[in-house]
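Novice: Input structure: run39.cif, which contains mmCIF, C-alpha atoms and all ligand atoms.
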```
data_input
#
loop_
_atom_site.label_atom_id
_atom_site.label_comp_id
_atom_site.auth_asym_id
_atom_site.auth_seq_id
_atom_site.Cartn_x
_atom_site.Cartn_y
_atom_site.Cartn_z
CA MET A 1 21.83 28.09 -60.46
CA ARG A 2 21.43 29.33 -56.91
CA ILE A 3 19.83 27.15 -54.27
CA ILE A 4 17.74 29.24 -51.87
CA PHE A 5 16.41 27.79 -48.64
CA LEU A 6 13.56 29.50 -46.79
CA LYS A 7 14.74 28.87 -43.26
CA GLU A 8 11.42 29.39 -41.43
CA SER A 9 10.04 26.40 -43.40
CA THR A 10 11.82 24.25 -40.84
CA PHE A 11 9.55 25.25 -37.96
CA MET A 12 6.51 27.21 -39.24
CA HIS A 13 3.30 25.71 -40.71
CA LYS A 14 3.55 22.67 -38.49
CA PRO A 15 0.82 20.02 -38.56
CA PHE A 16 -0.99 19.41 -35.28
CA TYR A 17 -1.30 15.67 -36.01
CA HIS A 18 0.68 13.18 -38.09
CA HIS A 19 0.89 14.55 -41.63
CA PRO A 20 3.28 13.85 -44.52
CA GLU A 21 3.67 17.56 -45.38
CA ASN A 22 5.77 18.74 -42.46
CA PRO A 23 8.98 20.66 -41.72
CA ARG A 24 11.15 17.53 -41.88
CA ARG A 25 10.77 17.55 -45.68
CA VAL A 26 12.79 20.69 -46.36
CA LEU A 27 15.45 19.69 -43.84
CA GLU A 28 15.95 16.45 -45.75
CA VAL A 29 16.37 18.25 -49.06
CA LYS A 30 18.77 20.74 -47.55
CA SER A 31 20.93 18.24 -45.71
CA SER A 32 21.10 16.01 -48.79
CA LEU A 33 22.32 18.85 -51.01
CA VAL A 34 24.80 20.08 -48.40
CA SER A 35 26.18 16.56 -47.95
CA GLU A 36 26.98 16.58 -51.68
CA GLY A 37 28.91 19.83 -51.36
CA ILE A 38 26.22 21.95 -53.05
CA ALA A 39 26.05 25.49 -51.67
CA VAL A 40 22.69 26.42 -50.13
CA GLU A 41 21.86 30.09 -49.37
CA GLU A 42 19.34 31.09 -46.71
CA GLU A 43 16.34 33.34 -47.22
CA SER A 44 14.07 34.60 -44.45
CA ILE A 45 10.44 35.61 -44.21
CA GLN A 46 11.78 38.77 -42.54
CA ARG A 47 12.70 40.06 -45.98
CA VAL A 48 9.15 39.75 -47.32
CA ASP A 49 6.68 42.64 -47.41
CA LYS A 50 3.46 40.87 -46.36
CA ARG A 51 1.20 43.59 -47.75
CA GLU A 52 2.82 43.29 -51.16
CA ALA A 53 2.52 39.53 -50.91
CA LEU A 54 -1.20 39.79 -50.13
CA LYS A 55 -1.75 42.08 -53.10
CA LEU A 56 -0.04 39.52 -55.31
CA ALA A 57 -2.10 36.69 -53.84
CA ARG A 58 -5.25 38.56 -54.88
CA ARG A 59 -3.97 38.73 -58.48
CA ILE A 60 -3.56 34.97 -58.80
CA HIS A 61 -6.36 33.75 -56.56
CA SER A 62 -9.89 35.07 -56.08
CA PRO A 63 -10.09 37.76 -53.37
CA GLU A 64 -12.79 35.63 -51.70
CA TYR A 65 -10.39 32.69 -51.35
CA ILE A 66 -7.72 34.90 -49.82
CA ASP A 67 -10.22 36.44 -47.37
CA TYR A 68 -11.43 32.96 -46.49
CA LEU A 69 -7.87 31.87 -45.69
CA LEU A 70 -7.18 34.99 -43.59
CA ASN A 71 -10.40 34.52 -41.63
CA LEU A 72 -9.72 30.85 -41.09
CA SER A 73 -6.25 31.66 -39.89
CA HIS A 74 -7.73 33.41 -36.80
CA ARG A 75 -9.28 30.07 -35.83
CA ALA A 76 -6.11 28.03 -36.40
CA PRO A 77 -5.02 25.36 -35.78
CA ILE A 78 -7.74 24.12 -38.11
CA ASP A 79 -8.24 21.98 -41.20
CA ILE A 80 -8.90 23.80 -44.46
CA ASP A 81 -10.18 20.59 -46.00
CA GLU A 82 -9.74 16.83 -45.68
CA ASP A 83 -6.05 16.99 -46.73
CA THR A 84 -4.82 20.45 -45.83
CA TYR A 85 -4.14 21.88 -42.38
CA MET A 86 -3.54 25.42 -41.21
CA SER A 87 -1.58 26.47 -38.15
CA ARG A 88 -1.43 30.00 -36.71
CA ASP A 89 1.64 30.94 -38.71
CA THR A 90 0.71 29.17 -41.96
CA MET A 91 -0.28 32.33 -43.84
CA ASP A 92 2.98 34.08 -42.94
CA LEU A 93 5.05 31.24 -44.33
CA ALA A 94 2.81 30.59 -47.37
CA LEU A 95 2.79 34.28 -48.34
CA SER A 96 6.58 34.47 -47.97
CA PHE A 97 7.39 31.46 -50.15
CA PHE A 98 4.84 32.74 -52.69
CA TYR A 99 6.32 36.25 -52.71
CA LEU A 100 9.89 34.99 -53.11
CA ALA A 101 8.87 32.90 -56.13
CA TYR A 102 7.56 36.12 -57.70
CA LYS A 103 10.55 38.24 -56.73
CA TYR A 104 13.19 35.92 -58.12
CA ALA A 105 11.24 35.61 -61.39
CA LEU A 106 10.84 39.37 -61.65
CA GLU A 107 14.61 39.67 -61.23
CA SER A 108 15.18 37.06 -64.00
CA ARG A 109 17.15 34.75 -61.74
CA ARG A 110 17.97 31.10 -62.01
CA VAL A 111 17.06 29.64 -58.63
CA PHE A 112 15.81 26.53 -56.90
CA LEU A 113 13.60 27.68 -54.02
CA ILE A 114 13.30 25.19 -51.23
CA GLY A 115 10.37 26.09 -49.03
CA ARG A 116 6.89 25.16 -47.90
CA PRO A 117 3.95 24.83 -48.21
CA PRO A 118 3.74 23.44 -51.76
CA GLY A 119 1.43 25.18 -54.24
CA HIS A 120 0.55 23.44 -57.50
CA HIS A 121 -2.86 22.12 -56.39
CA ALA A 122 -4.08 25.59 -55.34
CA GLY A 123 -6.39 26.92 -58.06
CA ILE A 124 -8.11 30.26 -58.54
CA ALA A 125 -10.55 29.76 -55.66
CA GLY A 126 -8.66 27.04 -53.79
CA ALA A 127 -9.60 23.50 -54.75
CA THR A 128 -10.35 23.35 -58.49
CA PRO A 129 -13.90 22.39 -59.59
CA GLY A 130 -14.61 18.73 -58.94
CA VAL A 131 -11.51 18.22 -56.78
CA SER A 132 -11.95 17.53 -53.07
CA SER A 133 -9.07 19.55 -51.61
CA THR A 134 -6.05 21.74 -52.24
CA GLY A 135 -3.84 18.72 -51.49
CA PHE A 136 -1.52 20.28 -48.85
CA CYS A 137 -1.26 23.52 -50.92
CA ILE A 138 -2.31 27.04 -49.90
CA LEU A 139 -1.07 29.56 -52.51
CA ASN A 140 0.23 28.72 -55.96
CA ASN A 141 3.97 29.43 -55.96
CA ALA A 142 4.54 28.27 -59.55
CA ALA A 143 1.72 30.46 -60.86
CA VAL A 144 3.05 33.58 -59.18
CA ALA A 145 6.51 32.90 -60.64
CA VAL A 146 4.86 32.92 -64.08
CA TYR A 147 3.39 36.32 -63.19
CA GLY A 148 6.86 37.48 -62.14
CA PHE A 149 8.32 36.54 -65.50
CA ARG A 150 5.38 38.16 -67.29
CA ASP A 151 5.82 41.36 -65.31
CA ALA A 152 9.50 41.28 -66.28
CA GLY A 153 8.41 41.31 -69.93
CA TYR A 154 8.87 37.69 -71.00
CA LYS A 155 6.36 36.35 -73.51
CA LYS A 156 7.27 32.71 -74.07
CA ILE A 157 7.03 31.16 -70.64
CA MET A 158 6.96 27.45 -69.95
CA VAL A 159 5.87 25.56 -66.83
CA LEU A 160 7.31 22.11 -66.26
CA ASP A 161 5.64 20.10 -63.50
CA PHE A 162 7.07 16.68 -62.69
CA ASP A 163 5.44 16.06 -59.34
CA ALA A 164 3.72 12.64 -59.27
CA HIS A 165 0.37 14.41 -58.88
CA HIS A 166 -1.19 16.56 -61.59
CA GLY A 167 -0.62 20.31 -61.08
CA ASN A 168 -4.34 21.01 -61.41
CA GLY A 169 -4.24 24.42 -59.71
CA THR A 170 -1.56 25.81 -62.02
CA MET A 171 -3.30 24.27 -65.03
CA GLU A 172 -6.60 25.92 -64.07
CA ILE A 173 -5.01 29.33 -63.59
CA PHE A 174 -3.46 29.37 -67.08
CA TYR A 175 -5.93 27.15 -68.96
CA ARG A 176 -6.84 29.95 -71.39
CA ASP A 177 -3.36 31.47 -71.60
CA LYS A 178 -0.46 30.96 -73.96
CA ILE A 179 1.69 29.51 -71.22
CA LEU A 180 3.19 26.21 -72.36
CA GLN A 181 2.51 23.75 -69.55
CA VAL A 182 4.04 20.30 -69.58
CA ASP A 183 2.88 18.16 -66.70
CA PHE A 184 4.15 14.62 -66.06
CA HIS A 185 1.98 12.78 -63.55
CA GLN A 186 0.61 9.42 -62.54
CA ASP A 187 -2.55 8.22 -64.32
CA PRO A 188 -5.39 10.31 -62.85
CA ASP A 189 -7.60 7.22 -62.69
CA THR A 190 -5.30 5.99 -59.94
CA LEU A 191 -4.22 9.12 -58.05
CA TYR A 192 -5.40 12.43 -56.56
CA PRO A 193 -6.44 14.97 -57.93
CA HIS A 194 -7.90 12.74 -60.68
CA THR A 195 -7.37 15.40 -63.37
CA GLY A 196 -4.81 15.92 -66.13
CA TYR A 197 -6.04 13.62 -68.91
CA PRO A 198 -4.43 13.85 -72.36
CA ASP A 199 -7.53 15.52 -73.84
CA GLU A 200 -7.25 18.46 -71.44
CA LEU A 201 -5.52 20.63 -74.02
CA GLY A 202 -6.45 24.13 -72.87
CA GLU A 203 -9.12 26.50 -74.16
CA GLY A 204 -9.22 29.65 -76.30
CA ASP A 205 -5.73 31.13 -76.64
CA GLY A 206 -4.46 28.35 -74.40
CA TYR A 207 -5.62 25.52 -76.65
CA GLY A 208 -2.74 23.17 -77.43
CA TYR A 209 -0.52 24.78 -74.79
CA LYS A 210 -1.46 22.23 -72.10
CA VAL A 211 0.48 19.01 -72.37
CA ASN A 212 -0.67 16.35 -69.92
CA ILE A 213 1.64 13.37 -69.86
CA VAL A 214 -0.05 10.48 -68.14
CA LEU A 215 2.29 7.93 -66.57
CA PRO A 216 0.91 4.46 -65.94
CA ARG A 217 1.43 3.08 -62.43
CA TYR A 218 4.96 1.75 -61.87
CA THR A 219 6.44 3.82 -64.69
CA GLY A 220 10.19 3.32 -64.53
CA ASP A 221 13.27 5.06 -65.89
CA ASP A 222 13.03 3.41 -69.33
CA LEU A 223 9.64 4.84 -70.34
CA PHE A 224 10.23 8.11 -68.54
CA ALA A 225 13.47 8.73 -70.45
CA GLU A 226 11.71 8.15 -73.75
CA LEU A 227 8.95 10.62 -72.82
CA VAL A 228 11.42 13.27 -71.64
CA ASP A 229 13.23 12.99 -74.99
CA MET A 230 9.94 13.53 -76.81
CA VAL A 231 9.16 16.59 -74.69
CA GLU A 232 12.68 17.93 -75.15
CA ASN A 233 12.08 17.99 -78.86
CA LEU A 234 9.11 20.36 -78.41
CA VAL A 235 10.89 22.47 -75.80
CA VAL A 236 13.96 23.01 -77.95
CA LYS A 237 11.84 24.05 -80.93
CA TYR A 238 9.65 26.32 -78.81
CA SER A 239 12.68 27.80 -77.09
CA PRO A 240 11.02 29.40 -74.03
CA GLU A 241 12.38 32.69 -72.70
CA ALA A 242 11.77 31.68 -69.08
CA ILE A 243 10.91 28.49 -67.23
CA VAL A 244 9.02 27.76 -64.03
CA VAL A 245 9.46 24.29 -62.60
CA SER A 246 7.16 22.59 -60.11
CA ALA A 247 9.68 20.16 -58.69
CA GLY A 248 8.08 17.32 -56.80
CA PHE A 249 10.07 14.22 -55.88
CA ASP A 250 7.18 11.90 -55.03
CA ALA A 251 7.45 9.96 -58.32
CA PHE A 252 10.66 8.43 -56.93
CA GLU A 253 10.34 4.70 -56.35
CA ASN A 254 8.89 4.04 -52.86
CA ASP A 255 8.70 7.72 -51.90
CA GLY A 256 5.38 6.90 -50.24
CA LEU A 257 2.29 8.61 -51.67
CA ALA A 258 2.33 7.59 -55.35
CA ASP A 259 2.98 4.42 -57.37
CA LEU A 260 5.72 5.48 -59.76
CA SER A 261 9.19 4.00 -59.91
CA LEU A 262 11.61 6.70 -61.05
CA THR A 263 15.18 6.83 -59.77
CA GLU A 264 18.14 9.23 -60.01
CA PHE A 265 18.48 8.57 -63.75
CA SER A 266 15.09 10.24 -64.46
CA TYR A 267 15.59 13.23 -62.17
CA TYR A 268 19.03 13.94 -63.57
CA LYS A 269 17.53 13.84 -67.07
CA LEU A 270 14.87 16.37 -66.03
CA GLY A 271 17.55 18.62 -64.57
CA LEU A 272 19.56 18.44 -67.79
CA LEU A 273 16.51 19.36 -69.83
CA VAL A 274 16.02 22.55 -67.81
CA GLU A 275 19.72 23.30 -67.58
CA LYS A 276 20.30 23.05 -71.32
CA VAL A 277 17.55 25.56 -72.17
CA ASN A 278 19.60 27.98 -70.08
CA VAL A 279 17.11 30.83 -69.55
CA PRO A 280 15.86 32.51 -66.36
CA THR A 281 14.35 29.73 -64.28
CA VAL A 282 12.46 29.57 -61.00
CA ILE A 283 12.16 26.09 -59.54
CA VAL A 284 9.81 25.66 -56.59
CA LEU A 285 9.62 22.63 -54.35
CA GLU A 286 6.29 20.80 -54.52
CA GLY A 287 5.85 17.26 -53.15
CA GLY A 288 8.20 14.52 -52.08
CA TYR A 289 7.69 12.77 -48.76
CA GLY A 290 10.36 10.14 -48.33
CA ILE A 291 13.37 8.84 -50.19
CA GLY A 292 12.66 11.06 -53.22
CA LEU A 293 13.47 14.17 -51.18
CA LYS A 294 17.02 12.91 -50.70
CA ARG A 295 17.94 10.95 -53.80
CA GLY A 296 15.68 12.73 -56.31
CA SER A 297 16.64 16.25 -55.28
CA ILE A 298 20.37 15.48 -55.41
CA ALA A 299 20.21 13.97 -58.91
CA PHE A 300 18.02 16.78 -60.25
CA THR A 301 20.20 19.53 -58.78
CA LYS A 302 23.49 17.99 -59.90
CA ALA A 303 22.44 18.43 -63.53
CA PHE A 304 22.94 22.18 -63.04
CA TYR A 305 26.56 21.66 -62.04
CA THR A 306 27.77 18.90 -64.34
CA HIS A 307 26.53 17.28 -67.52
CA GLN A 308 28.87 14.33 -67.14
CA LEU A 309 27.25 12.14 -64.50
CA GLU A 310 26.17 8.66 -65.44
CA TYR A 311 23.30 7.43 -63.35
CA PRO A 312 22.16 4.06 -64.70
CA PRO A 313 18.47 3.50 -65.46
CA LEU A 314 17.38 1.17 -62.64
CA THR A 315 13.68 0.55 -63.12
CA GLN A 316 11.53 -0.85 -65.91
CA THR A 317 7.92 -0.12 -66.81
CA PRO A 318 5.42 -2.99 -67.13
CA ARG A 319 5.30 -3.94 -70.82
CA SER A 320 1.49 -3.89 -70.95
CA ALA A 321 1.35 -0.12 -70.51
CA TYR A 322 4.45 0.96 -72.39
CA ARG A 323 3.51 1.29 -76.08
CA ASN A 324 0.07 2.83 -75.48
CA THR A 325 1.61 5.51 -73.32
CA VAL A 326 4.16 6.47 -75.95
CA GLU A 327 1.47 6.60 -78.66
CA THR A 328 -0.82 8.79 -76.55
CA VAL A 329 1.97 11.20 -75.65
CA LYS A 330 2.99 11.36 -79.30
CA ARG A 331 -0.54 12.46 -80.26
CA VAL A 332 -0.70 15.11 -77.55
CA LEU A 333 2.71 16.48 -78.53
CA GLU A 334 1.72 16.61 -82.21
CA LYS A 335 -1.32 18.73 -81.34
CA ALA A 336 0.76 20.93 -79.07
CA SER A 337 3.51 21.37 -81.67
CA ARG A 338 1.04 22.48 -84.30
CA ARG A 339 -0.42 25.18 -82.03
CA VAL A 340 2.60 26.22 -80.04
CA LEU A 341 5.13 26.38 -82.87
CA GLU A 342 2.77 28.07 -85.35
CA SER A 343 1.27 30.73 -83.11
CA GLY A 344 4.59 31.41 -81.35
ZN ZN B 401 2.71 15.27 -55.36
#
```
Turn the structure described in the file into structure tokens.

Specialist:
Amino acid sequence: MRIIFLKESTFMHKPFYHHPENPRRVLEVKSSLVSEGIAVEEESIQRVDKREALKLARRIHSPEYIDYLLNLSHRAPIDIDEDTYMSRDTMDLALSFFYLAYKYALESRRVFLIGRPPGHHAGIAGATPGVSSTGFCILNNAAVAVYGFRDAGYKKIMVLDFDAHHGNGTMEIFYRDKILQVDFHQDPDTLYPHTGYPDELGEGDGYGYKVNIVLPRYTGDDLFAELVDMVENLVVKYSPEAIVVSAGFDAFENDGLADLSLTEFSYYKLGLLVEKVNVPTVIVLEGGYGIGLKRGSIAFTKAFYTHQLEYPPLTQTPRSAYRNTVETVKRVLEKASRRVLESG
């Protein structure tokens, strides 16, 4: 696993008022990994062909959305919507992170790309139907990595999204496709973007390939571990040829924007799940706004270097929500297994 850091993320796409999605985030991830002795390589937007990147953006998103962003960018600094800002250099940085996610997938690499802005809420035409905003996201970096793997010839591609918020943009883009998408997120009744219910199973060819795992508020390491084991069962049987990971660290206890209570134990377990499948993998940074950026990113990344660490489970899920959650996830996984394992 190579850790790649997009260095311009530390000063481009800067909010013009107080905003949780800001350059400090990537610096915290980087300095945390470096302090643990993990090697971090630098990438630069200088190495990105912006015209190629724009062409790619028009494959994943509607051309109208891309034109809208480019036009808006002339009027920056400006708000795209109630959650998402744009500065003068936002498009340059967004297109670069997006393009690198594609390039590393096309080259069949195993990388963790640390950059900004995040992407998993960006749907085909921006905010998905019924959702108020693109939630700090501009272009969908995870989706374009899937395209990279497809263009490289892979058929069985899986997306794992463990950001606290549902990856509604990515889900919309592949809702009718045989891309196995497993998305862990806080109960949509209680958190933006209020999508990602268990009965959202995909449509057409994609039916059964969308696995929404709803975590009750204050989910801790105990329940999360049980759910990851259940998912691992499906993943091992499916045996994907390539994996894209939307890595958000905002489900960490007291990270700030969500109400989940995961700790190192859970993130290390997620890392091990990805590591053990051992296929080309592109991991892109999504959310994470506080303590999760430090402690979550270290635990997750360490799984790619050693399988021997023993983080203790620190947090417990309220009993009232525990059994129902396991039963619901079991039902969703049964449906998914039937479709995914039979149709290959
Ligand atoms: Zn999030």

Novice: For Ile157 (chain A), please output as a list in words all residues within 8 Å (counting all atoms listed in the file; exclusion window: fewer than 3 positions along the same chain).

Specialist: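 In the requested form, the answer reads Val146, Phe149, Arg150, Tyr154, Ile179, Leu180, Pro240, Glu241, Ala242, Ile243 and Val244 of chain A.
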
Novice: Smallest atom-to-atom distance to Val144 (chain A): which of A:Lys237, A:His13, A:His61, A:Arg24, using only C-alpha atoms?

Specialist: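 Residue with the minimum atom-to-atom distance to Val144 (chain A): A:His61.
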
Novice: With only C-alpha atoms and all ligand atoms counted, collect every polymer residue having an atom within 8 Å of ligand ZN 401 (chain B); state the result as a PyMOL selection string.

Specialist: chain A and resi 163-166+248-251+257-258+286-288

Novice: Give me the residues within 9 Å of region 333-342 of chain A as a list in words, counting all atoms listed in the file and dropping any in the same chain fewer than 5 places off.

Specialist: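 Near neighbours after the sequence-gap exclusion: Lys178, Leu180, Leu201, Tyr207, Gly208, Tyr209, Lys210, Val211, Met230, Val231, Leu234, Lys237, Tyr238 and Thr328 of chain A.
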
Novice: Next, the residues of the selection above should be written as a PDB file, in the coordinates of the input with C-alpha atoms.

Specialist:
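Result file is selection-v6.pdb:
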```pdb
ATOM      1  CA  LYS A 178      -0.460  30.960 -73.960  1.00  0.00           C
ATOM      2  CA  LEU A 180       3.190  26.210 -72.360  1.00  0.00           C
ATOM      3  CA  LEU A 201      -5.520  20.630 -74.020  1.00  0.00           C
ATOM      4  CA  TYR A 207      -5.620  25.520 -76.650  1.00  0.00           C
ATOM      5  CA  GLY A 208      -2.740  23.170 -77.430  1.00  0.00           C
ATOM      6  CA  TYR A 209      -0.520  24.780 -74.790  1.00  0.00           C
ATOM      7  CA  LYS A 210      -1.460  22.230 -72.100  1.00  0.00           C
ATOM      8  CA  VAL A 211       0.480  19.010 -72.370  1.00  0.00           C
ATOM      9  CA  MET A 230       9.940  13.530 -76.810  1.00  0.00           C
ATOM     10  CA  VAL A 231       9.160  16.590 -74.690  1.00  0.00           C
ATOM     11  CA  LEU A 234       9.110  20.360 -78.410  1.00  0.00           C
ATOM     12  CA  LYS A 237      11.840  24.050 -80.930  1.00  0.00           C
ATOM     13  CA  TYR A 238       9.650  26.320 -78.810  1.00  0.00           C
ATOM     14  CA  THR A 328      -0.820   8.790 -76.550  1.00  0.00           C
TER      15      THR A 328
END
```

Novice: Calculated over all atoms listed in the file, which of the candidates A:Tyr17, A:Lys276, A:Ile283, A:Tyr85 has the smallest distance to Tyr102 (chain A)?

Specialist: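 That would be A:Ile283, the residue with the smallest distance to Tyr102 (chain A).
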
Novice: Find the residues of region 120-216 of chain A that sit at most 8 Å from region 77-83 of chain A; for each, write down the nearest two atoms and how far apart they are in Å, to one decimal. Count only C-alpha atoms. Sort by chain, then by number going up, and give it as a Markdown table.

Specialist:
```
| residue | atom | partner | partner_atom | distance |
| --- | --- | --- | --- | --- |
| A:Ser132 | CA | A:Glu82 | CA | 7.7 |
| A:Ser133 | CA | A:Asp81 | CA | 5.8 |
| A:Thr134 | CA | A:Asp83 | CA | 7.3 |
| A:Gly135 | CA | A:Asp83 | CA | 5.5 |
| A:Phe136 | CA | A:Asp83 | CA | 6.0 |
```

Novice: Would you please work out which residue, of A:His120, A:Ser239, A:Val277, A:Glu41, is nearest to Lys155 (chain A) when using all atoms listed in the file?

Specialist: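 Checking each of A:His120, A:Ser239, A:Val277, A:Glu41 against Lys155 (chain A), counting all atoms listed in the file, the winner is A:Ser239.
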
Novice: Could you give me, as a PDB file with C-alpha atoms, in the coordinates of the input, the residues within 7 Å of region 103-117 of chain A, counting all atoms listed in the file and dropping anything in the same chain fewer than 3 positions from it?

Specialist:
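Final output, saved to selection_19.pdb:
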```pdb
ATOM      1  CA  MET A   1      21.830  28.090 -60.460  1.00  0.00           C
ATOM      2  CA  ARG A   2      21.430  29.330 -56.910  1.00  0.00           C
ATOM      3  CA  ILE A   3      19.830  27.150 -54.270  1.00  0.00           C
ATOM      4  CA  ILE A   4      17.740  29.240 -51.870  1.00  0.00           C
ATOM      5  CA  PHE A   5      16.410  27.790 -48.640  1.00  0.00           C
ATOM      6  CA  LEU A   6      13.560  29.500 -46.790  1.00  0.00           C
ATOM      7  CA  SER A   9      10.040  26.400 -43.400  1.00  0.00           C
ATOM      8  CA  VAL A  26      12.790  20.690 -46.360  1.00  0.00           C
ATOM      9  CA  ALA A  94       2.810  30.590 -47.370  1.00  0.00           C
ATOM     10  CA  PHE A  97       7.390  31.460 -50.150  1.00  0.00           C
ATOM     11  CA  TYR A  99       6.320  36.250 -52.710  1.00  0.00           C
ATOM     12  CA  LEU A 100       9.890  34.990 -53.110  1.00  0.00           C
ATOM     13  CA  CYS A 137      -1.260  23.520 -50.920  1.00  0.00           C
ATOM     14  CA  ILE A 138      -2.310  27.040 -49.900  1.00  0.00           C
ATOM     15  CA  ALA A 145       6.510  32.900 -60.640  1.00  0.00           C
ATOM     16  CA  GLY A 148       6.860  37.480 -62.140  1.00  0.00           C
ATOM     17  CA  PHE A 149       8.320  36.540 -65.500  1.00  0.00           C
ATOM     18  CA  ASP A 151       5.820  41.360 -65.310  1.00  0.00           C
ATOM     19  CA  ALA A 152       9.500  41.280 -66.280  1.00  0.00           C
ATOM     20  CA  PRO A 280      15.860  32.510 -66.360  1.00  0.00           C
ATOM     21  CA  THR A 281      14.350  29.730 -64.280  1.00  0.00           C
ATOM     22  CA  VAL A 282      12.460  29.570 -61.000  1.00  0.00           C
ATOM     23  CA  ILE A 283      12.160  26.090 -59.540  1.00  0.00           C
ATOM     24  CA  VAL A 284       9.810  25.660 -56.590  1.00  0.00           C
ATOM     25  CA  LEU A 285       9.620  22.630 -54.350  1.00  0.00           C
TER      26      LEU A 285
END
```

Novice: Just the number, please: distance in Å from CA of His19 (chain A) to CA of Thr219 (chain A), one decimal.

Specialist: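 If I compute the distance from CA of His19 (chain A) to CA of Thr219 (chain A), I get 26.0 Å.
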
Novice: Could you check which residues have any atom within 12 Å of (4.8, 8.9, -77.7), counting all atoms listed in the file with coordinates taken straight from the file, and then list them as number ranges by chain?

Specialist: A: 198, 213-215, 223-231, 233, 322-334

Novice: Please produce a file of the residues just selected, as a tab-separated table (two decimals), in the coordinates of the input, where the atoms kept are C-alpha atoms.

Specialist:
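As written to disk, result36.tsv reads:
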```
chain	number	residue	atom	x	y	z
A	198	PRO	CA	-4.43	13.85	-72.36
A	213	ILE	CA	1.64	13.37	-69.86
A	214	VAL	CA	-0.05	10.48	-68.14
A	215	LEU	CA	2.29	7.93	-66.57
A	223	LEU	CA	9.64	4.84	-70.34
A	224	PHE	CA	10.23	8.11	-68.54
A	225	ALA	CA	13.47	8.73	-70.45
A	226	GLU	CA	11.71	8.15	-73.75
A	227	LEU	CA	8.95	10.62	-72.82
A	228	VAL	CA	11.42	13.27	-71.64
A	229	ASP	CA	13.23	12.99	-74.99
A	230	MET	CA	9.94	13.53	-76.81
A	231	VAL	CA	9.16	16.59	-74.69
A	233	ASN	CA	12.08	17.99	-78.86
A	322	TYR	CA	4.45	0.96	-72.39
A	323	ARG	CA	3.51	1.29	-76.08
A	324	ASN	CA	0.07	2.83	-75.48
A	325	THR	CA	1.61	5.51	-73.32
A	326	VAL	CA	4.16	6.47	-75.95
A	327	GLU	CA	1.47	6.60	-78.66
A	328	THR	CA	-0.82	8.79	-76.55
A	329	VAL	CA	1.97	11.20	-75.65
A	330	LYS	CA	2.99	11.36	-79.30
A	331	ARG	CA	-0.54	12.46	-80.26
A	332	VAL	CA	-0.70	15.11	-77.55
A	333	LEU	CA	2.71	16.48	-78.53
A	334	GLU	CA	1.72	16.61	-82.21
```

Novice: Write out as a VMD selection string which residues come within 8 Å of Ala53 (chain A) when counting only C-alpha atoms, dropping same-chain ones fewer than 5 positions away.

Specialist: chain A and resid 48 95 to 96 98 to 99

Novice: With only C-alpha atoms as the atoms that count, which of A:Thr301, A:Ser246, A:Gln308, A:Thr84 lies nearest to Ala39 (chain A)?

Specialist: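 Smallest separation from Ala39 (chain A) among the options: A:Thr301.
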
Novice: Name the residues, using the chain letters and numbers of the file, that sit within 7 Å of (14.4, 30.2, -42.6) when counting all atoms listed in the file, and give them as a list in words.

Specialist: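 Residues found, by chain and rising number: Phe5, Leu6, Lys7, Glu8, Ser9, Thr10, Glu42, Glu43, Ser44 and Ile45 of chain A.
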
Novice: For Lys50 (chain A), which residue among A:Val131, A:Val236, A:Ala76, A:Met91 is the nearest when counting only C-alpha atoms?

Specialist: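 Nearest candidate to Lys50 (chain A) out of A:Val131, A:Val236, A:Ala76, A:Met91: A:Met91.
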
Novice: I want to know what sits within 10 Å of His74 (chain A), based on all atoms listed in the file, with residues of the same chain fewer than 6 positions away left out; could you give that as a list in words?

Specialist: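 Here the qualifying residues turn out to be Ser87, Arg88 and Asp89 of chain A.
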
Novice: Pick from A:Ile298, A:Asn168, A:Val159, A:Leu93: nearest to Asp49 (chain A), with all atoms listed in the file counted?

Specialist: A:Leu93

Novice: How many Å separate CA of Leu309 (chain A) from CA of Val34 (chain A)?

Specialist: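 Interatomic distance, CA of Leu309 (chain A) to CA of Val34 (chain A): 18.1 Å.
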
Novice: May I ask for the distance between CA of Phe252 (chain A) and CA of Gly292 (chain A), given in Å to one decimal place?

Specialist: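 Separation between CA of Phe252 (chain A) and CA of Gly292 (chain A): 5.0 Å.
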
Novice: Complete the atoms of region 195-199 of chain A to N, CA, C and O atoms and put them out as a PDB file, in the coordinates of the input.

Specialist:
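What ended up in selection_28.pdb:
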```
ATOM      1  N   THR A 195      -7.265  14.518 -62.193  1.00  0.00           N
ATOM      2  CA  THR A 195      -7.370  15.400 -63.370  1.00  0.00           C
ATOM      3  C   THR A 195      -6.067  15.281 -64.143  1.00  0.00           C
ATOM      4  O   THR A 195      -5.108  14.667 -63.666  1.00  0.00           O
ATOM      5  N   GLY A 196      -6.037  15.912 -65.345  1.00  0.00           N
ATOM      6  CA  GLY A 196      -4.810  15.920 -66.130  1.00  0.00           C
ATOM      7  C   GLY A 196      -4.796  14.815 -67.177  1.00  0.00           C
ATOM      8  O   GLY A 196      -3.781  14.154 -67.399  1.00  0.00           O
ATOM      9  N   TYR A 197      -5.949  14.616 -67.831  1.00  0.00           N
ATOM     10  CA  TYR A 197      -6.040  13.620 -68.910  1.00  0.00           C
ATOM     11  C   TYR A 197      -5.468  14.222 -70.197  1.00  0.00           C
ATOM     12  O   TYR A 197      -5.419  15.445 -70.355  1.00  0.00           O
ATOM     13  N   PRO A 198      -5.061  13.355 -71.126  1.00  0.00           N
ATOM     14  CA  PRO A 198      -4.430  13.850 -72.360  1.00  0.00           C
ATOM     15  C   PRO A 198      -5.327  14.792 -73.175  1.00  0.00           C
ATOM     16  O   PRO A 198      -4.819  15.631 -73.896  1.00  0.00           O
ATOM     17  N   ASP A 199      -6.660  14.644 -73.043  1.00  0.00           N
ATOM     18  CA  ASP A 199      -7.530  15.520 -73.840  1.00  0.00           C
ATOM     19  C   ASP A 199      -7.791  16.866 -73.172  1.00  0.00           C
ATOM     20  O   ASP A 199      -8.540  17.681 -73.689  1.00  0.00           O
TER      21      ASP A 199
END
```
